[in-house]
Structure formats: C-alpha cells, structure tokens
$ cat target21.cif   # mmCIF, C-alpha atoms
data_model
#
loop_
_atom_site.label_atom_id
_atom_site.label_comp_id
_atom_site.auth_asym_id
_atom_site.auth_seq_id
_atom_site.Cartn_x
_atom_site.Cartn_y
_atom_site.Cartn_z
CA MET A 29 47.69 95.52 143.45
CA THR A 30 49.05 99.05 143.25
CA THR A 31 46.81 102.02 143.75
CA THR A 32 47.63 105.52 142.62
CA LYS A 33 46.61 108.34 144.93
CA GLN A 34 44.73 111.06 143.10
CA PRO A 35 46.00 114.49 144.07
CA GLY A 36 43.75 116.78 146.09
CA VAL A 37 42.51 119.42 143.65
CA VAL A 38 40.72 122.54 144.86
CA ILE A 39 39.46 125.40 142.68
CA ARG A 40 39.20 128.48 144.89
CA ARG A 41 38.99 132.24 144.61
CA ALA A 42 42.30 134.04 144.12
CA ASP A 43 41.91 135.98 147.34
CA ARG A 44 44.89 134.93 149.47
CA PRO A 45 48.08 136.93 149.90
CA GLY A 46 50.50 135.90 147.19
CA ASP A 47 47.86 134.60 144.74
CA LEU A 48 48.00 137.56 142.37
CA GLY A 49 51.78 137.78 142.47
CA TRP A 50 52.00 134.06 141.79
CA VAL A 51 49.82 134.47 138.69
CA VAL A 52 52.22 137.05 137.25
CA MET A 53 55.35 135.10 138.19
CA ALA A 54 54.06 131.75 136.94
CA HIS A 55 52.99 133.20 133.59
CA GLY A 56 56.37 134.90 133.13
CA GLU A 57 58.41 131.82 134.01
CA ILE A 58 56.31 129.23 132.20
CA TYR A 59 55.87 131.17 128.96
CA ASP A 60 59.59 131.93 128.88
CA GLU A 61 60.46 128.28 129.45
CA GLN A 62 57.95 126.84 126.99
CA PHE A 63 57.84 129.47 124.24
CA GLY A 64 60.79 131.80 124.84
CA TRP A 65 58.47 134.76 125.38
CA ASN A 66 60.17 137.82 126.83
CA THR A 67 59.16 140.00 129.77
CA ASP A 68 56.70 141.95 127.60
CA PHE A 69 54.31 139.06 128.20
CA GLU A 70 54.87 139.13 131.95
CA ALA A 71 54.23 142.89 131.86
CA LEU A 72 50.91 142.29 130.05
CA VAL A 73 49.86 139.75 132.68
CA ALA A 74 50.96 142.15 135.43
CA ARG A 75 48.73 144.90 133.96
CA ILE A 76 45.75 142.52 133.77
CA VAL A 77 46.29 141.41 137.36
CA ALA A 78 46.90 144.97 138.63
CA ASP A 79 43.72 146.24 136.95
CA TYR A 80 41.79 143.39 138.54
CA ALA A 81 43.37 143.93 141.96
CA THR A 82 42.68 147.66 142.09
CA ASP A 83 39.33 147.97 140.40
CA HIS A 84 37.32 144.77 140.08
CA ASP A 85 33.61 144.49 140.77
CA PRO A 86 33.24 141.37 142.95
CA ILE A 87 29.67 140.84 141.74
CA ARG A 88 30.66 140.77 138.06
CA GLU A 89 34.35 139.80 138.09
CA ALA A 90 36.37 137.03 139.73
CA ALA A 91 39.63 135.15 139.64
CA TRP A 92 40.41 131.58 140.65
CA ILE A 93 43.42 129.52 141.63
CA ALA A 94 43.68 125.77 141.18
CA ASP A 95 45.52 124.15 144.08
CA VAL A 96 46.94 120.64 143.85
CA ASP A 97 47.79 119.19 147.24
CA GLY A 98 48.00 122.74 148.61
CA THR A 99 50.28 124.08 145.86
CA ARG A 100 49.15 126.67 143.32
CA ALA A 101 48.92 125.01 139.93
CA GLY A 102 46.60 127.12 137.77
CA SER A 103 44.64 130.31 137.36
CA ILE A 104 41.90 132.02 135.40
CA PHE A 105 40.24 135.46 135.52
CA LEU A 106 36.85 136.73 134.36
CA VAL A 107 36.51 140.50 133.92
CA SER A 108 33.94 142.81 132.39
CA GLY A 109 34.29 143.80 128.77
CA ASP A 110 33.48 147.16 127.22
CA ASP A 111 29.87 146.04 126.72
CA PRO A 112 28.11 145.24 130.04
CA ALA A 113 26.71 142.03 128.52
CA VAL A 114 30.18 140.77 127.56
CA ALA A 115 32.76 139.24 129.90
CA ARG A 116 36.39 138.56 129.09
CA LEU A 117 38.08 135.31 130.06
CA ARG A 118 41.73 136.14 130.86
CA ILE A 119 45.04 134.47 131.65
CA LEU A 120 44.16 130.80 131.89
CA LEU A 121 47.22 128.87 133.04
CA VAL A 122 47.98 125.37 134.25
CA THR A 123 51.52 124.62 135.37
CA PRO A 124 53.36 121.89 133.43
CA ALA A 125 53.52 119.64 136.51
CA ALA A 126 49.72 119.76 136.91
CA ARG A 127 48.74 119.21 133.29
CA GLY A 128 46.64 116.14 132.61
CA LEU A 129 44.61 116.52 135.80
CA GLY A 130 41.75 118.37 134.09
CA LEU A 131 42.54 121.67 135.81
CA GLY A 132 42.15 123.78 132.67
CA THR A 133 38.68 122.39 132.08
CA ARG A 134 37.71 122.85 135.73
CA LEU A 135 38.95 126.45 135.74
CA VAL A 136 37.05 127.31 132.54
CA ASP A 137 33.96 125.57 133.90
CA GLU A 138 34.08 127.67 137.09
CA CYS A 139 34.65 130.83 135.08
CA LEU A 140 31.70 130.18 132.75
CA ARG A 141 29.41 129.21 135.64
CA PHE A 142 30.22 132.53 137.30
CA ALA A 143 29.69 134.42 134.02
CA ARG A 144 26.20 132.95 133.66
CA GLU A 145 25.31 133.74 137.28
CA ALA A 146 26.61 137.31 136.85
CA GLY A 147 24.24 137.77 133.91
CA TYR A 148 26.67 137.98 131.02
CA ARG A 149 25.33 136.97 127.60
CA THR A 150 28.71 136.52 125.92
CA VAL A 151 32.24 135.57 126.95
CA THR A 152 35.15 136.51 124.74
CA LEU A 153 38.85 135.79 124.98
CA TRP A 154 42.09 136.58 123.18
CA THR A 155 44.84 134.00 122.79
CA ASN A 156 47.57 132.98 120.39
CA ASP A 157 47.29 130.11 117.95
CA ILE A 158 50.30 128.23 119.40
CA LEU A 159 48.44 127.67 122.68
CA THR A 160 46.80 124.52 121.35
CA SER A 161 45.85 122.88 124.66
CA ALA A 162 43.94 125.95 125.84
CA ARG A 163 42.30 126.29 122.44
CA LYS A 164 41.04 122.70 122.64
CA ILE A 165 39.43 123.47 126.00
CA TYR A 166 37.76 126.60 124.61
CA GLN A 167 36.46 124.69 121.58
CA SER A 168 35.05 121.95 123.83
CA TYR A 169 32.84 124.60 125.48
CA GLY A 170 31.63 125.92 122.14
CA PHE A 171 33.84 128.99 121.76
CA VAL A 172 33.98 130.08 118.12
CA LEU A 173 36.99 131.70 116.44
CA VAL A 174 35.88 135.15 115.24
CA ASP A 175 39.17 136.84 114.33
CA GLU A 176 42.83 136.15 113.68
CA ASP A 177 45.57 138.74 113.44
CA PRO A 178 49.31 138.19 112.94
CA HIS A 179 51.41 140.30 115.31
CA HIS A 180 54.91 140.58 116.69
CA SER A 181 54.75 140.39 120.47
CA PHE A 182 56.72 138.91 123.35
CA GLY A 183 59.76 138.61 121.05
CA HIS A 184 58.05 136.41 118.43
CA HIS A 185 55.87 136.47 115.34
CA LEU A 186 52.50 135.15 116.53
CA VAL A 187 48.92 134.86 115.38
CA GLY A 188 46.47 136.35 117.85
CA GLN A 189 42.99 134.89 117.98
CA THR A 190 39.70 136.19 119.36
CA TRP A 191 37.17 133.56 120.44
CA THR A 192 33.57 134.12 121.53
CA LEU A 193 30.98 132.04 123.35
CA GLU A 194 27.29 132.93 123.48
CA LEU A 195 25.95 131.86 126.89
CA THR A 196 22.56 130.23 127.10
#

$ encode --input "target21.cif" --output "structure tokens"
Amino acid sequence: MTTTKQPGVVIRRADRPGDLGWVVMAHGEIYDEQFGWNTDFEALVARIVADYATDHDPIREAAWIADVDGTRAGSIFLVSGDDPAVARLRILLVTPAARGLGLGTRLVDECLRFAREAGYRTVTLWTNDILTSARKIYQSYGFVLVDEDPHHSFGHHLVGQTWTLELT
C-alpha cells in the first residue's frame, strides 16, 4: 500500500523579511506566465503592497502568506476601504505548484475571520472575469457580483468585476 504524504501547510501573517517583496514578484511572474500581463500589473501590486507596508493599521488590516513545506505559496491582504465599515480583500494568489491544496479557500477564510473580528460589516473586492478559480472561491463564501466594467489594462482587454460580501 502506497501512502501519499500531505504537504505541511501553514497560513501565517506576512511579517517576515522578504514576504512583501515575494508577493510583488510572484504576482508579476505568475500573471505574466499565465495571462501575458505586462509590468503594469506588477506595478499595481507593488503600490498595494507599499501602501500596506508603510501605512497599515494592524488592528484593522492584515496580510497573510501560505507556506507549503516552508516555501511561500500564496498570499492575501485585507485593508480598510473608504468607508470604515467596509474592508477590501486584495491580491489573493496561489502559486501554480500549490493549487489544489485548498490554499485559496484557507487564505480567504482567514481574511474573512479577521474582517469579522475587526468589526467590518462588508468586504468588497475587485478582480477580472478571467480569474475563474478565484471567482469560484469568492462565490462559495457568498460574495455577490455588483459591477462589471470592460477596461484595457496590463496589456489586454479585460472585464473588471466588483464583488461584495455582507458579513453576519
């Protein structure tokens, strides 16, 4: 009988040297490889990460890394929105090698747990319609599509989507 070793998965705060840089690099490389997105996307992720790094409120905002056997394999951020009752889920990523391990779901679960504990009433996110795996995760948590807008970004014609979840 053959047994398959399950990898050691840890969801932890993105608070170690190199974590934030890895988030930017991984997004840039993976989205280029999978979708042909240009460095405009990496620049967007870099701005999100830089804003978080320089000015986040640790009581109301957090970021997480998923480690698989000690290797970074995913990330997610939760930041305050313009309305104090609204949080924004940002830059969910799971590396191709780690897909299928449930990391996306675990990262979103951690993010939403934190949002509830921080007192947010609503979580919103912006994504693009071609990111079907992420969208399936959001829908499984009850996020509702509230807006779609075609745009030309990252070197491609895309359809941006805004999703919202009312927390209970």

$ closest_residue --input "target21.cif" --among "A:Pro86, A:Gly130, A:Gly49, A:Gly36" --to "Val73 in chain A" --atoms "only C-alpha atoms"
A:Gly49

$ closest_atom_pairs --input "target21.cif" --of "range 34-125 of chain A" --to "range 153-164 of chain A" --cutoff "10 Å" --atoms "all atoms listed in the file" --output "JSON lines"
{"residue": "A:Phe63", "atom": "CA", "partner": "A:Ile158", "partner_atom": "CA", "distance": 9.0}
{"residue": "A:Leu106", "atom": "CA", "partner": "A:Leu153", "partner_atom": "CA", "distance": 9.6}
{"residue": "A:Gly109", "atom": "CA", "partner": "A:Leu153", "partner_atom": "CA", "distance": 10.0}
{"residue": "A:Ala115", "atom": "CA", "partner": "A:Leu153", "partner_atom": "CA", "distance": 8.6}
{"residue": "A:Arg116", "atom": "CA", "partner": "A:Leu153", "partner_atom": "CA", "distance": 5.5}
{"residue": "A:Leu117", "atom": "CA", "partner": "A:Leu153", "partner_atom": "CA", "distance": 5.2}
{"residue": "A:Arg118", "atom": "CA", "partner": "A:Leu153", "partner_atom": "CA", "distance": 6.6}
{"residue": "A:Ile119", "atom": "CA", "partner": "A:Thr155", "partner_atom": "CA", "distance": 8.9}
{"residue": "A:Leu120", "atom": "CA", "partner": "A:Ala162", "partner_atom": "CA", "distance": 7.8}
{"residue": "A:Leu121", "atom": "CA", "partner": "A:Ala162", "partner_atom": "CA", "distance": 8.4}
{"residue": "A:Val122", "atom": "CA", "partner": "A:Ala162", "partner_atom": "CA", "distance": 9.3}

$ residues_around --input "target21.cif" --residues "Trp92 in chain A" --least-positions-apart "2" --cutoff "10 Å" --atoms "all atoms listed in the file" --output "VMD selection string"
chain A and resid 38 to 43 47 to 48 90 94 to 95 102 to 106 120 135 to 136 138 to 139

$ residues_around --input "target21.cif" --residues "range 64-72 of chain A" --least-positions-apart "2" --cutoff "7 Å" --atoms "all atoms listed in the file" --output "list of chain:residue names"
A:Val52, A:His55, A:Gly56, A:Tyr59, A:Asp60, A:Glu61, A:Gln62, A:Ala74, A:Arg75, A:Ile76, A:Phe182, A:Gly183

$ closest_residue --input "target21.cif" --among "A:Leu186, A:Val37, A:Val51, A:Ile93" --to "Ala78 in chain A" --atoms "only C-alpha atoms"
A:Val51

$ atom_distance --input "target21.cif" --atom1 "CA of Ala143 in chain A" --atom2 "CA of Val77 in chain A"
18.3 Å

$ residues_near_point --input "target21.cif" --point "(38.1, 134.7, 119.8)" --cutoff "9 Å" --atoms "all atoms listed in the file" --output "JSON, numbers by chain"
{"A": [152, 153, 154, 155, 171, 172, 173, 174, 175, 176, 188, 189, 190, 191, 192, 193]}

$ atom_distance --input "target21.cif" --atom1 "CA of Glu145 in chain A" --atom2 "CA of Asp111 in chain A"
16.8 Å

$ resolve_selection --input "target21.cif" --expression "the PyMOL selection byres ((chain A and resi 149) around 6)" --output "tab-separated table (two decimals) with C-alpha atoms, in the coordinates of the input"
chain	number	residue	atom	x	y	z
A	113	ALA	CA	26.71	142.03	128.52
A	148	TYR	CA	26.67	137.98	131.02
A	150	THR	CA	28.71	136.52	125.92
A	195	LEU	CA	25.95	131.86	126.89

$ atom_distance --input "target21.cif" --atom1 "CA of Gly98 in chain A" --atom2 "CA of Ile165 in chain A"
24.2 Å

$ closest_residue --input "target21.cif" --among "A:Gly46, A:Gly170, A:Gly147, A:Pro35" --to "Leu131 in chain A" --atoms "only C-alpha atoms"
A:Pro35

$ closest_residue --input "target21.cif" --among "A:Tyr169, A:Ala126, A:Ile58, A:Asp177" --to "Asp97 in chain A" --atoms "all atoms listed in the file"
A:Ala126

$ closest_residue --input "target21.cif" --among "A:Ala91, A:Val187, A:Ala125, A:Met53" --to "Leu140 in chain A" --atoms "all atoms listed in the file"
A:Ala91

$ closest_residue --input "target21.cif" --among "A:Val151, A:Thr196, A:Val107, A:Gln167" --to "Asp83 in chain A" --atoms "all atoms listed in the file"
A:Val107

$ axis_aligned_box --input "target21.cif" --around "range 184-189 of chain A" --padding-each-side "6 Å" --output "JSON"
{"center_x": 50.5, "center_y": 135.7, "center_z": 116.9, "size_x": 27.1, "size_y": 13.6, "size_z": 15.1}

$ build_atoms --input "target21.cif" --residues "range 52-63 of chain A" --atoms "N, CA, C and O atoms" --output "short mmCIF file (atom, residue, chain, number, x, y, z; two decimals), keeping the file's coordinate frame"
data_model
loop_
_atom_site.label_atom_id
_atom_site.label_comp_id
_atom_site.auth_asym_id
_atom_site.auth_seq_id
_atom_site.Cartn_x
_atom_site.Cartn_y
_atom_site.Cartn_z
N VAL A 52 51.28 136.32 138.11
CA VAL A 52 52.22 137.05 137.25
C VAL A 52 53.52 136.26 137.10
O VAL A 52 54.01 136.05 135.99
N MET A 53 54.09 135.82 138.22
CA MET A 53 55.35 135.10 138.19
C MET A 53 55.25 133.81 137.39
O MET A 53 56.11 133.52 136.54
N ALA A 54 54.21 133.04 137.63
CA ALA A 54 54.06 131.75 136.94
C ALA A 54 53.92 131.96 135.44
O ALA A 54 54.53 131.22 134.65
N HIS A 55 53.12 132.93 135.02
CA HIS A 55 52.99 133.20 133.59
C HIS A 55 54.35 133.56 132.99
O HIS A 55 54.73 133.05 131.94
N GLY A 56 55.07 134.48 133.65
CA GLY A 56 56.37 134.90 133.13
C GLY A 56 57.33 133.74 132.99
O GLY A 56 57.96 133.55 131.94
N GLU A 57 57.45 132.93 134.03
CA GLU A 57 58.41 131.82 134.01
C GLU A 57 58.01 130.72 133.03
O GLU A 57 58.84 130.23 132.26
N ILE A 58 56.75 130.34 133.04
CA ILE A 58 56.31 129.23 132.20
C ILE A 58 56.34 129.59 130.72
O ILE A 58 56.80 128.82 129.88
N TYR A 59 55.88 130.78 130.37
CA TYR A 59 55.87 131.17 128.96
C TYR A 59 57.28 131.42 128.44
O TYR A 59 57.54 131.20 127.26
N ASP A 60 58.20 131.83 129.30
CA ASP A 60 59.59 131.93 128.88
C ASP A 60 60.15 130.53 128.63
O ASP A 60 60.75 130.27 127.58
N GLU A 61 59.93 129.63 129.57
CA GLU A 61 60.46 128.28 129.45
C GLU A 61 59.89 127.53 128.25
O GLU A 61 60.62 126.86 127.52
N GLN A 62 58.59 127.63 128.03
CA GLN A 62 57.95 126.84 126.99
C GLN A 62 57.99 127.47 125.60
O GLN A 62 58.02 126.75 124.61
N PHE A 63 57.95 128.81 125.55
CA PHE A 63 57.84 129.47 124.24
C PHE A 63 58.93 130.51 123.99
O PHE A 63 58.97 131.09 122.91
#
